[in-house]
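Structure file my_file_22.txt (compact mmCIF, C-alpha atoms and all ligand atoms) is printed below.
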```
# COMPACT_ATOMS: atom_id res chain seq x y z
CA MET A 1 93.42 73.88 112.19
CA THR A 2 90.07 75.06 113.54
CA ARG A 3 88.93 78.56 114.46
CA LYS A 4 89.48 77.54 118.10
CA ASP A 5 93.09 76.56 117.39
CA ILE A 6 93.59 79.88 115.61
CA LEU A 7 92.13 81.80 118.56
CA ARG A 8 94.42 79.94 120.94
CA LEU A 9 97.44 80.92 118.83
CA LEU A 10 96.29 84.55 118.72
CA ARG A 11 96.15 84.49 122.52
CA ASP A 12 99.52 82.76 122.89
CA PRO A 13 101.30 84.76 125.59
CA ASP A 14 104.77 83.98 124.21
CA ALA A 15 104.94 86.28 121.17
CA GLU A 16 108.58 85.53 120.37
CA GLU A 17 107.98 81.77 120.44
CA LEU A 18 105.03 82.21 118.05
CA ARG A 19 107.16 84.37 115.74
CA LYS A 20 109.92 81.78 115.64
CA ARG A 21 107.46 79.02 114.75
CA ALA A 22 106.05 81.16 111.96
CA GLU A 23 109.52 82.01 110.63
CA LYS A 24 110.37 78.30 110.52
CA ALA A 25 107.12 77.50 108.71
CA LEU A 26 107.79 80.30 106.24
CA LEU A 27 111.31 79.17 105.39
CA ALA A 28 110.15 75.55 105.01
CA ALA A 29 107.16 76.39 102.77
CA LYS A 30 108.35 79.43 100.81
CA GLY A 31 112.09 79.84 101.37
CA SER A 32 113.93 83.06 102.12
CA HIS A 33 112.98 85.02 98.97
CA VAL A 34 110.87 88.15 99.34
CA HIS A 35 108.67 89.02 96.35
CA VAL A 36 108.48 92.69 95.53
CA ARG A 37 105.40 94.04 93.76
CA GLY A 38 105.31 97.48 92.23
CA LEU A 39 102.13 99.21 93.44
CA ILE A 40 100.55 101.85 91.22
CA GLU A 41 97.61 103.64 92.82
CA PHE A 42 96.20 104.85 89.51
CA SER A 43 93.00 106.51 90.72
CA ASN A 44 91.39 107.61 94.00
CA ILE A 45 87.93 107.84 92.43
CA CYS A 46 85.46 105.55 94.24
CA ARG A 47 81.72 104.91 94.18
CA ARG A 48 81.56 103.24 97.61
CA ASN A 49 81.29 104.67 101.08
CA CYS A 50 83.27 102.32 103.31
CA LEU A 51 83.26 104.02 106.72
CA TYR A 52 87.01 103.59 107.31
CA CYS A 53 88.38 104.65 103.94
CA GLY A 54 89.46 108.15 102.91
CA LEU A 55 88.60 107.41 99.28
CA ARG A 56 84.88 107.07 100.13
CA ALA A 57 82.62 108.81 97.61
CA GLN A 58 81.19 111.19 100.22
CA ASN A 59 84.63 112.55 101.13
CA SER A 60 84.62 115.92 99.38
CA ALA A 61 87.95 116.95 100.94
CA LEU A 62 89.84 114.78 98.47
CA ARG A 63 91.01 116.01 95.07
CA ARG A 64 90.19 113.15 92.70
CA TYR A 65 92.61 111.98 90.04
CA ARG A 66 93.10 109.26 87.49
CA LEU A 67 96.52 108.73 85.92
CA SER A 68 96.71 108.55 82.14
CA GLN A 69 97.60 105.26 80.46
CA GLU A 70 101.01 106.73 79.61
CA GLU A 71 101.64 107.71 83.26
CA ILE A 72 100.74 104.22 84.45
CA LEU A 73 102.96 102.52 81.87
CA ALA A 74 105.88 104.82 82.71
CA ALA A 75 105.51 104.13 86.45
CA ALA A 76 105.34 100.40 85.75
CA ALA A 77 108.44 100.47 83.56
CA GLY A 78 110.31 102.15 86.43
CA ALA A 79 109.21 99.46 88.89
CA ILE A 80 110.15 96.64 86.51
CA ALA A 81 113.56 98.15 85.78
CA GLN A 82 114.26 98.04 89.52
CA GLY A 83 113.32 94.37 89.79
CA ALA A 84 109.62 94.31 90.71
CA ASP A 85 108.21 90.89 89.70
CA SER A 86 104.60 92.00 89.49
CA ILE A 87 102.68 95.20 88.91
CA VAL A 88 99.68 95.86 91.12
CA LEU A 89 97.15 98.32 89.73
CA GLN A 90 94.99 99.66 92.55
CA SER A 91 92.18 102.20 92.68
CA GLY A 92 88.82 102.95 94.23
CA GLU A 93 85.85 100.99 92.93
CA GLY A 94 84.33 101.98 89.58
CA SER A 95 87.22 104.41 89.01
CA CYS A 96 87.56 103.90 85.26
CA ASP A 97 86.14 102.45 82.08
CA PRO A 98 86.77 98.67 82.12
CA ALA A 99 87.88 98.65 78.46
CA TRP A 100 90.42 101.42 79.20
CA LEU A 101 91.87 99.32 82.04
CA ALA A 102 92.00 96.25 79.78
CA GLU A 103 94.13 98.26 77.36
CA VAL A 104 96.56 99.15 80.16
CA VAL A 105 96.78 95.48 81.18
CA ALA A 106 97.42 94.37 77.59
CA GLU A 107 100.22 96.95 77.23
CA LEU A 108 101.80 95.88 80.54
CA LYS A 109 101.68 92.24 79.42
CA LYS A 110 104.35 93.10 76.84
CA HIS A 111 106.88 93.10 79.69
CA GLU A 112 107.92 89.47 79.73
CA GLY A 113 107.59 87.46 82.94
CA ILE A 114 105.72 90.19 84.83
CA ALA A 115 102.50 89.17 86.57
CA ILE A 116 99.71 91.71 86.58
CA THR A 117 97.56 92.09 89.64
CA LEU A 118 94.37 94.12 89.83
CA SER A 119 92.94 95.63 93.01
CA VAL A 120 90.00 97.70 91.85
CA GLY A 121 87.11 96.44 93.99
CA GLU A 122 83.94 94.63 93.01
CA GLY A 123 82.82 94.74 89.39
CA GLN A 124 80.76 92.95 86.79
CA ALA A 125 81.68 89.34 85.97
CA ARG A 126 82.14 90.36 82.33
CA ASP A 127 84.76 92.94 83.37
CA TYR A 128 86.67 90.42 85.48
CA ALA A 129 86.72 88.21 82.34
CA LEU A 130 87.74 91.10 80.08
CA TRP A 131 90.75 91.91 82.29
CA ARG A 132 91.65 88.23 82.63
CA ASN A 133 91.67 87.88 78.84
CA ALA A 134 93.81 91.01 78.57
CA GLY A 135 96.45 89.30 80.73
CA ALA A 136 95.74 90.04 84.39
CA SER A 137 96.37 86.88 86.43
CA ARG A 138 95.90 87.97 90.05
CA TYR A 139 93.19 89.90 91.84
CA LEU A 140 93.30 91.40 95.31
CA ILE A 141 89.98 92.01 96.98
CA LYS A 142 90.13 91.88 100.75
CA HIS A 143 87.13 90.57 102.65
CA GLU A 144 88.01 93.34 105.17
CA THR A 145 86.27 91.61 108.10
CA ALA A 146 84.70 88.15 108.31
CA SER A 147 82.14 89.30 110.90
CA PRO A 148 78.91 89.69 108.88
CA ALA A 149 77.54 92.28 111.35
CA LEU A 150 80.71 94.37 111.40
CA TYR A 151 81.02 94.10 107.60
CA ALA A 152 77.46 95.41 107.15
CA ARG A 153 78.09 98.29 109.57
CA LEU A 154 81.30 99.38 107.80
CA HIS A 155 79.96 98.97 104.25
CA PRO A 156 76.54 100.65 104.01
CA GLY A 157 74.29 98.76 101.62
CA HIS A 158 76.66 95.82 101.19
CA LYS A 159 77.05 92.31 102.60
CA LEU A 160 80.03 90.09 103.36
CA GLY A 161 78.54 87.38 101.14
CA GLU A 162 78.92 89.61 98.05
CA ARG A 163 82.61 90.04 98.77
CA ILE A 164 83.15 86.29 99.17
CA ARG A 165 81.18 85.60 95.98
CA ALA A 166 83.44 88.06 94.13
CA LEU A 167 86.52 86.16 95.34
CA LEU A 168 85.04 82.86 94.20
CA ALA A 169 83.99 84.25 90.80
CA LEU A 170 87.51 85.56 90.26
CA ARG A 171 89.03 82.20 91.12
CA ASP A 172 86.62 80.48 88.70
CA LEU A 173 88.01 82.72 85.95
CA GLY A 174 91.52 81.46 86.69
CA TYR A 175 92.80 84.37 88.75
CA GLU A 176 95.04 83.80 91.75
CA ILE A 177 93.01 85.44 94.50
CA GLY A 178 94.15 87.60 97.35
CA SER A 179 92.01 88.45 100.33
CA GLY A 180 92.85 90.16 103.59
CA PHE A 181 91.44 92.08 106.51
CA MET A 182 92.01 94.96 108.89
CA ILE A 183 93.12 94.57 112.48
CA GLY A 184 91.77 96.80 115.23
CA LEU A 185 88.57 97.94 113.54
CA PRO A 186 86.20 99.67 115.98
CA GLY A 187 84.07 96.97 117.63
CA GLN A 188 86.24 94.07 116.38
CA LYS A 189 87.01 91.26 118.82
CA LEU A 190 89.84 88.75 118.88
CA GLU A 191 87.25 86.08 118.00
CA ASP A 192 86.50 88.04 114.82
CA LEU A 193 90.18 88.00 113.85
CA ALA A 194 90.23 84.23 114.34
CA GLY A 195 87.26 84.17 111.95
CA ASP A 196 89.22 86.25 109.40
CA ILE A 197 92.12 83.81 109.41
CA ALA A 198 89.80 80.77 109.35
CA LEU A 199 87.95 82.23 106.34
CA CYS A 200 91.17 82.80 104.38
CA ARG A 201 92.23 79.25 105.17
CA ALA A 202 88.85 77.81 104.16
CA LEU A 203 88.97 79.76 100.87
CA ARG A 204 92.57 78.62 100.36
CA VAL A 205 93.44 82.11 99.14
CA ASP A 206 96.74 82.51 97.31
CA MET A 207 97.48 85.81 99.06
CA CYS A 208 96.35 87.48 102.25
CA GLY A 209 97.07 91.05 103.29
CA ALA A 210 96.41 91.80 106.94
CA GLY A 211 97.16 95.30 108.17
CA PRO A 212 96.24 97.56 111.07
CA PHE A 213 93.22 99.88 110.80
CA ILE A 214 94.35 103.53 110.76
CA PRO A 215 91.74 106.30 111.07
CA GLN A 216 91.42 108.94 108.34
CA ALA A 217 90.40 112.47 109.36
CA ASP A 218 87.69 112.93 106.70
CA THR A 219 85.79 109.70 107.47
CA PRO A 220 83.12 108.80 110.05
CA LEU A 221 85.77 106.76 111.94
CA ALA A 222 88.15 109.75 112.28
CA GLY A 223 88.13 109.70 116.09
CA GLU A 224 88.78 105.97 116.52
CA ALA A 225 92.02 104.37 117.74
CA CYS A 226 94.60 102.72 115.46
CA GLY A 227 95.01 98.97 115.34
CA SER A 228 97.89 97.54 117.35
CA VAL A 229 101.24 96.80 115.71
CA ALA A 230 101.89 93.94 118.14
CA LEU A 231 98.55 92.30 117.33
CA THR A 232 99.15 92.76 113.59
CA LEU A 233 102.50 90.96 113.87
CA ARG A 234 100.89 88.20 115.90
CA ALA A 235 98.12 87.83 113.30
CA LEU A 236 100.77 87.61 110.55
CA SER A 237 102.51 84.77 112.39
CA VAL A 238 99.24 82.91 112.91
CA LEU A 239 98.38 83.44 109.23
CA ARG A 240 101.71 81.92 108.26
CA LEU A 241 100.99 78.85 110.39
CA ALA A 242 97.40 78.54 109.14
CA LEU A 243 98.17 79.28 105.45
CA PRO A 244 101.75 78.07 104.91
CA TRP A 245 101.26 78.17 101.10
CA ALA A 246 100.13 81.79 100.92
CA ASN A 247 101.93 84.94 99.89
CA LEU A 248 101.65 87.35 102.81
CA PRO A 249 102.62 91.02 102.42
CA ALA A 250 104.00 93.18 105.18
CA THR A 251 101.49 95.97 104.52
CA THR A 252 102.09 99.67 104.02
CA ALA A 253 99.68 100.32 106.91
CA LEU A 254 102.10 98.44 109.19
CA ALA A 255 104.97 100.55 107.84
CA SER A 256 102.89 103.67 108.47
CA LEU A 257 102.41 102.91 112.17
CA ASP A 258 106.05 101.90 112.60
CA PRO A 259 108.11 103.54 109.81
CA GLU A 260 111.39 102.49 111.41
CA LYS A 261 110.85 98.73 111.83
CA GLY A 262 107.35 97.84 110.56
CA GLN A 263 108.30 96.18 107.27
CA THR A 264 111.27 94.29 108.74
CA ALA A 265 109.16 93.12 111.68
CA GLY A 266 106.44 91.98 109.27
CA LEU A 267 108.93 89.90 107.28
CA MET A 268 110.34 88.41 110.48
CA ALA A 269 106.80 87.53 111.63
CA GLY A 270 106.11 85.45 108.51
CA ALA A 271 105.49 87.82 105.57
CA ASN A 272 107.21 87.21 102.21
CA VAL A 273 105.94 90.09 100.06
CA LEU A 274 106.53 93.85 99.99
CA MET A 275 104.58 96.31 97.87
CA PRO A 276 106.52 99.54 97.45
CA SER A 277 104.63 102.33 95.71
CA PHE A 278 105.52 103.67 92.27
CA THR A 279 102.63 106.09 92.14
CA PRO A 280 103.88 109.49 90.97
CA PRO A 281 104.27 111.65 94.11
CA ARG A 282 101.71 114.28 93.01
CA ALA A 283 99.02 111.63 92.82
CA ALA A 284 100.23 109.63 95.83
CA VAL A 285 99.50 112.51 98.25
CA GLN A 286 95.85 112.31 97.14
CA TYR A 287 95.63 108.54 97.68
CA ARG A 288 94.67 109.15 101.29
CA ILE A 289 93.11 105.84 102.32
CA TYR A 290 94.24 106.56 105.90
CA ASP A 291 96.28 109.30 107.58
CA HIS A 292 100.08 109.43 107.98
CA LYS A 293 100.41 107.00 105.09
CA ASN A 294 104.06 106.13 104.78
CA ARG A 295 105.54 106.26 101.30
CA VAL A 296 107.29 102.93 101.07
CA GLY A 297 109.65 103.03 98.11
CA MET A 298 112.08 100.55 96.60
CA ALA A 299 114.98 101.71 98.79
CA ASN A 300 112.90 101.04 101.93
CA ALA A 301 112.00 97.61 100.62
CA VAL A 302 115.63 96.64 100.02
CA ARG A 303 116.61 97.86 103.47
CA ALA A 304 113.77 95.97 105.18
CA ILE A 305 114.60 92.71 103.38
CA GLU A 306 118.29 92.93 104.16
CA LYS A 307 117.64 93.82 107.80
CA ALA A 308 115.38 90.76 108.08
CA GLY A 309 118.22 88.61 106.69
CA ARG A 310 116.22 87.53 103.64
CA SER A 311 116.91 87.47 99.90
CA HIS A 312 115.58 89.43 96.90
CA GLY A 313 116.22 90.05 93.22
CA LEU A 314 116.12 93.83 93.23
CA ARG A 315 118.25 96.30 91.33
CA PRO A 316 117.48 99.64 92.96
CA ARG A 317 118.80 102.70 91.15
N1 LIG B 1 88.90 99.61 96.02
C1 LIG B 1 89.75 98.45 96.12
C2 LIG B 1 91.07 98.76 96.78
C3 LIG B 1 90.87 99.26 98.16
S1 LIG B 1 92.19 100.10 98.91
C4 LIG B 1 88.99 97.35 96.83
O1 LIG B 1 87.85 97.57 97.22
O2 LIG B 1 89.52 96.26 96.98
C5 LIG B 1 93.13 98.76 99.55
C6 LIG B 1 92.90 98.40 101.01
O3 LIG B 1 93.16 99.47 101.89
C7 LIG B 1 91.51 97.98 101.39
O4 LIG B 1 91.24 96.69 100.99
C8 LIG B 1 91.52 98.14 102.92
O5 LIG B 1 91.80 96.90 103.55
C9 LIG B 1 92.66 99.10 103.15
N2 LIG B 1 92.19 100.29 103.90
C10 LIG B 1 91.25 101.17 103.53
N3 LIG B 1 91.05 102.09 104.52
C11 LIG B 1 91.89 101.77 105.52
C12 LIG B 1 92.15 102.32 106.80
N4 LIG B 1 91.51 103.40 107.25
N5 LIG B 1 93.10 101.72 107.56
C13 LIG B 1 93.77 100.65 107.11
N6 LIG B 1 93.55 100.07 105.93
C14 LIG B 1 92.62 100.62 105.13
```

Please rewrite the model in this file as structure tokens.
Ligand code: SAH
Amino acid sequence: MTRKDILRLLRDPDAEELRKRAEKALLAAKGSHVHVRGLIEFSNICRRNCLYCGLRAQNSALRRYRLSQEEILAAAAGAIAQGADSIVLQSGEGSCDPAWLAEVVAELKKHEGIAITLSVGEGQARDYALWRNAGASRYLIKHETASPALYARLHPGHKLGERIRALLALRDLGYEIGSGFMIGLPGQKLEDLAGDIALCRALRVDMCGAGPFIPQADTPLAGEACGSVALTLRALSVLRLALPWANLPATTALASLDPEKGQTAGLMAGANVLMPSFTPPRAAVQYRIYDHKNRVGMANAVRAIEKAGRSHGLRPR
């Protein structure tokens, strides 16, 4: 499948036909099971200044926090008790001492059969190795956009190549790698989205999270328009056809633009992962990556999976 084929699929006028093809490919490659990851947004501290993100260092409107190790472990235990199969620890970049995070990972590893995923941005190779040795086995670091020019504009002082090198370094250390991108970024074209999907396919990523861009009031992109839900669903279906092996989440951003049906629609378009948040509510309100962020909890996840007619192993309280 070339970038041209991908672009043709993205332009396919028959959205329902595309969705059905993706659903068939999903059931054939991955089955009906939906994986549920417990997301813990443990710190909103960040050293970067990504134009779209509310956590950017220059945003002084945000009250910064970092959960304690005990708070993280308690949140994780809650997620695991309800049937989460993996814990995702997410934060801004450079939010904590790497050795401190390694301790958290090692503690979490005591829960048998639970995969630990990190999503803490770019770091030193020695820190990736430290966390890997502590027991983390997956790493999410989205390439955000595969257009080198758009990437450079949105990430002052940084280049797309660095992001791709980080993904490759993580894979070399034995991590399963997850990339992803935003849909509807200011100045993004459909050709760019075809490039995003082609890049994920070429990298043979294990996971890919594609969600709509949503403006945040305290960022330079505050006045821009949201990404389209319809285009996000279409991109999910094309991703499923282009990367049949991959785990694809229905993102929280999708659920934020369409709280009623977003997650269900994402699953029906080809996604097989949900990531409900277990961040303590007092911290979660300060994790303002974008505005109107929906709080997707375990109960929402169960409802979305059942509405989509799929299966899960959850035990919600
Ligand atoms: N610091 C980590 C985690 C980033 S937050 C890292 O660099 O990987 C997780 C994701 O939120 C980002 O990868 C980005 O794709 C998404 N995000 C950030 N701002 C957003 C916005 N305004 N709209 C939609 N998604 C956004």

Let me see if you get this right: every residue at most 7 Å from ligand LIG 1 (chain B), counting all atoms listed in the file, written as a PDB file with C-alpha atoms, in the frame of the given file.
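Saved file pocket.pdb follows:
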```pdb
ATOM      1  CA  TYR A  52      87.010 103.590 107.310  1.00  0.00           C
ATOM      2  CA  CYS A  53      88.380 104.650 103.940  1.00  0.00           C
ATOM      3  CA  GLY A  54      89.460 108.150 102.910  1.00  0.00           C
ATOM      4  CA  GLN A  90      94.990  99.660  92.550  1.00  0.00           C
ATOM      5  CA  SER A  91      92.180 102.200  92.680  1.00  0.00           C
ATOM      6  CA  GLY A  92      88.820 102.950  94.230  1.00  0.00           C
ATOM      7  CA  GLU A  93      85.850 100.990  92.930  1.00  0.00           C
ATOM      8  CA  SER A 119      92.940  95.630  93.010  1.00  0.00           C
ATOM      9  CA  VAL A 120      90.000  97.700  91.850  1.00  0.00           C
ATOM     10  CA  GLY A 121      87.110  96.440  93.990  1.00  0.00           C
ATOM     11  CA  GLU A 122      83.940  94.630  93.010  1.00  0.00           C
ATOM     12  CA  LEU A 140      93.300  91.400  95.310  1.00  0.00           C
ATOM     13  CA  ILE A 141      89.980  92.010  96.980  1.00  0.00           C
ATOM     14  CA  LYS A 142      90.130  91.880 100.750  1.00  0.00           C
ATOM     15  CA  GLU A 144      88.010  93.340 105.170  1.00  0.00           C
ATOM     16  CA  GLY A 180      92.850  90.160 103.590  1.00  0.00           C
ATOM     17  CA  PHE A 181      91.440  92.080 106.510  1.00  0.00           C
ATOM     18  CA  MET A 182      92.010  94.960 108.890  1.00  0.00           C
ATOM     19  CA  GLY A 211      97.160  95.300 108.170  1.00  0.00           C
ATOM     20  CA  PRO A 212      96.240  97.560 111.070  1.00  0.00           C
ATOM     21  CA  PHE A 213      93.220  99.880 110.800  1.00  0.00           C
ATOM     22  CA  ILE A 214      94.350 103.530 110.760  1.00  0.00           C
ATOM     23  CA  PRO A 215      91.740 106.300 111.070  1.00  0.00           C
ATOM     24  CA  GLN A 216      91.420 108.940 108.340  1.00  0.00           C
ATOM     25  CA  ALA A 253      99.680 100.320 106.910  1.00  0.00           C
ATOM     26  CA  ILE A 289      93.110 105.840 102.320  1.00  0.00           C
ATOM     27  CA  TYR A 290      94.240 106.560 105.900  1.00  0.00           C
TER      28      TYR A 290
END
```

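Remark: for Pro186 of chain A, the closest of the candidate residues A:Leu160, A:Ala222, A:Ala15, A:Leu199 is A:Ala222 (distances computed over all atoms listed in the file).
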
Legend entry - Within 9 Å of file point (88.8, 106.5, 91.3), counting all atoms listed in the file, expressed as a ChimeraX atom specification: /A:42-47,55,64-66,91-96,120

Find the residues near Ala284 of chain A: any atom within 10 Å, counting all atoms listed in the file, skip ones fewer than 3 places away on the same chain, and give them as a compact mmCIF listing (two decimals) with C-alpha atoms, in the frame of the given file.
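Okay, this is what ended up in result.txt:
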```txt
# COMPACT_ATOMS: atom_id res chain seq x y z
CA ILE A 40 100.55 101.85 91.22
CA GLU A 41 97.61 103.64 92.82
CA PHE A 42 96.20 104.85 89.51
CA SER A 43 93.00 106.51 90.72
CA ASN A 44 91.39 107.61 94.00
CA TYR A 65 92.61 111.98 90.04
CA SER A 277 104.63 102.33 95.71
CA PHE A 278 105.52 103.67 92.27
CA THR A 279 102.63 106.09 92.14
CA PRO A 280 103.88 109.49 90.97
CA PRO A 281 104.27 111.65 94.11
CA TYR A 287 95.63 108.54 97.68
CA ARG A 288 94.67 109.15 101.29
CA LYS A 293 100.41 107.00 105.09
CA ARG A 295 105.54 106.26 101.30
```

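The residue that comes closest to Arg163 of chain A, out of A:Leu254, A:Arg138, A:Ala146, A:Tyr175 and on the basis of all atoms listed in the file, is A:Ala146.
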
Inset, instruction - Would you list the residues near (81.7, 96.7, 109.3), meaning any protein, DNA or RNA residue with an atom at most 12 Å from that point in file coordinates, counting all atoms listed in the file, as a ChimeraX atom specification? - result: /A:49-53,143-160,181-182,184-188,192,221

Hey, can you spit out that residue selection with C-alpha atoms as a compact mmCIF listing (two decimals), in the coordinates of the input?
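This went into out17.txt:
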```txt
# COMPACT_ATOMS: atom_id res chain seq x y z
CA ASN A 49 81.29 104.67 101.08
CA CYS A 50 83.27 102.32 103.31
CA LEU A 51 83.26 104.02 106.72
CA TYR A 52 87.01 103.59 107.31
CA CYS A 53 88.38 104.65 103.94
CA HIS A 143 87.13 90.57 102.65
CA GLU A 144 88.01 93.34 105.17
CA THR A 145 86.27 91.61 108.10
CA ALA A 146 84.70 88.15 108.31
CA SER A 147 82.14 89.30 110.90
CA PRO A 148 78.91 89.69 108.88
CA ALA A 149 77.54 92.28 111.35
CA LEU A 150 80.71 94.37 111.40
CA TYR A 151 81.02 94.10 107.60
CA ALA A 152 77.46 95.41 107.15
CA ARG A 153 78.09 98.29 109.57
CA LEU A 154 81.30 99.38 107.80
CA HIS A 155 79.96 98.97 104.25
CA PRO A 156 76.54 100.65 104.01
CA GLY A 157 74.29 98.76 101.62
CA HIS A 158 76.66 95.82 101.19
CA LYS A 159 77.05 92.31 102.60
CA LEU A 160 80.03 90.09 103.36
CA PHE A 181 91.44 92.08 106.51
CA MET A 182 92.01 94.96 108.89
CA GLY A 184 91.77 96.80 115.23
CA LEU A 185 88.57 97.94 113.54
CA PRO A 186 86.20 99.67 115.98
CA GLY A 187 84.07 96.97 117.63
CA GLN A 188 86.24 94.07 116.38
CA ASP A 192 86.50 88.04 114.82
CA LEU A 221 85.77 106.76 111.94
```

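Using only C-alpha atoms, the nearest neighbour of Ala304 of chain A within the list A:Val36, A:Leu26, A:Ala198, A:Leu241 is A:Val36.
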
Legend entry - Best match for closeness to Met207 of chain A among A:Ala61, A:Leu248, A:Leu236, A:Ala242, counting all atoms listed in the file: A:Leu248

Inset, instruction - May I ask for the distance between atom CA of Leu101 of chain A and atom CA of Gly113 of chain A, given in Å to one decimal place? - result: 19.7 Å

Legend entry - Separation of atom CA of Gly266 of chain A from atom CA of Leu233 of chain A, in Å and rounded to one decimal: 6.1 Å

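Distances from A:Glu71, A:Asp258, A:Glu17, A:Glu162 to Val229 of chain A were compared using all atoms listed in the file, and the smallest one belongs to A:Asp258.
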
Missing atoms in segment 167-178 of chain A should be modelled up to N, CA, C and O atoms and reported as a tab-separated table (two decimals), in the coordinates of the input.
```tsv
chain	number	residue	atom	x	y	z
A	167	LEU	N	85.27	86.93	95.28
A	167	LEU	CA	86.52	86.16	95.34
A	167	LEU	C	86.38	84.84	94.60
A	167	LEU	O	87.28	84.42	93.85
A	168	LEU	N	85.24	84.17	94.82
A	168	LEU	CA	85.04	82.86	94.20
A	168	LEU	C	84.87	82.98	92.68
A	168	LEU	O	85.40	82.17	91.91
A	169	ALA	N	84.17	84.04	92.24
A	169	ALA	CA	83.99	84.25	90.80
A	169	ALA	C	85.33	84.50	90.13
A	169	ALA	O	85.61	84.00	89.03
A	170	LEU	N	86.19	85.26	90.81
A	170	LEU	CA	87.51	85.56	90.26
A	170	LEU	C	88.35	84.29	90.15
A	170	LEU	O	89.03	84.05	89.15
A	171	ARG	N	88.27	83.46	91.19
A	171	ARG	CA	89.03	82.20	91.12
A	171	ARG	C	88.53	81.33	89.98
A	171	ARG	O	89.32	80.71	89.27
A	172	ASP	N	87.21	81.28	89.80
A	172	ASP	CA	86.62	80.48	88.70
A	172	ASP	C	87.14	80.93	87.34
A	172	ASP	O	87.21	80.13	86.41
A	173	LEU	N	87.49	82.21	87.23
A	173	LEU	CA	88.01	82.72	85.95
A	173	LEU	C	89.50	82.44	85.79
A	173	LEU	O	90.09	82.82	84.78
A	174	GLY	N	90.10	81.81	86.81
A	174	GLY	CA	91.52	81.46	86.69
A	174	GLY	C	92.46	82.46	87.33
A	174	GLY	O	93.68	82.34	87.19
A	175	TYR	N	91.92	83.45	88.03
A	175	TYR	CA	92.80	84.37	88.75
A	175	TYR	C	93.36	83.68	90.00
A	175	TYR	O	92.66	82.88	90.64
A	176	GLU	N	94.58	84.03	90.38
A	176	GLU	CA	95.04	83.80	91.75
A	176	GLU	C	94.34	84.85	92.58
A	176	GLU	O	94.31	86.03	92.19
A	177	ILE	N	93.78	84.45	93.73
A	177	ILE	CA	93.01	85.44	94.50
A	177	ILE	C	93.72	85.81	95.79
A	177	ILE	O	94.34	85.00	96.47
A	178	GLY	N	93.60	87.10	96.11
A	178	GLY	CA	94.15	87.60	97.35
A	178	GLY	C	93.06	88.24	98.18
A	178	GLY	O	92.33	89.11	97.70
```
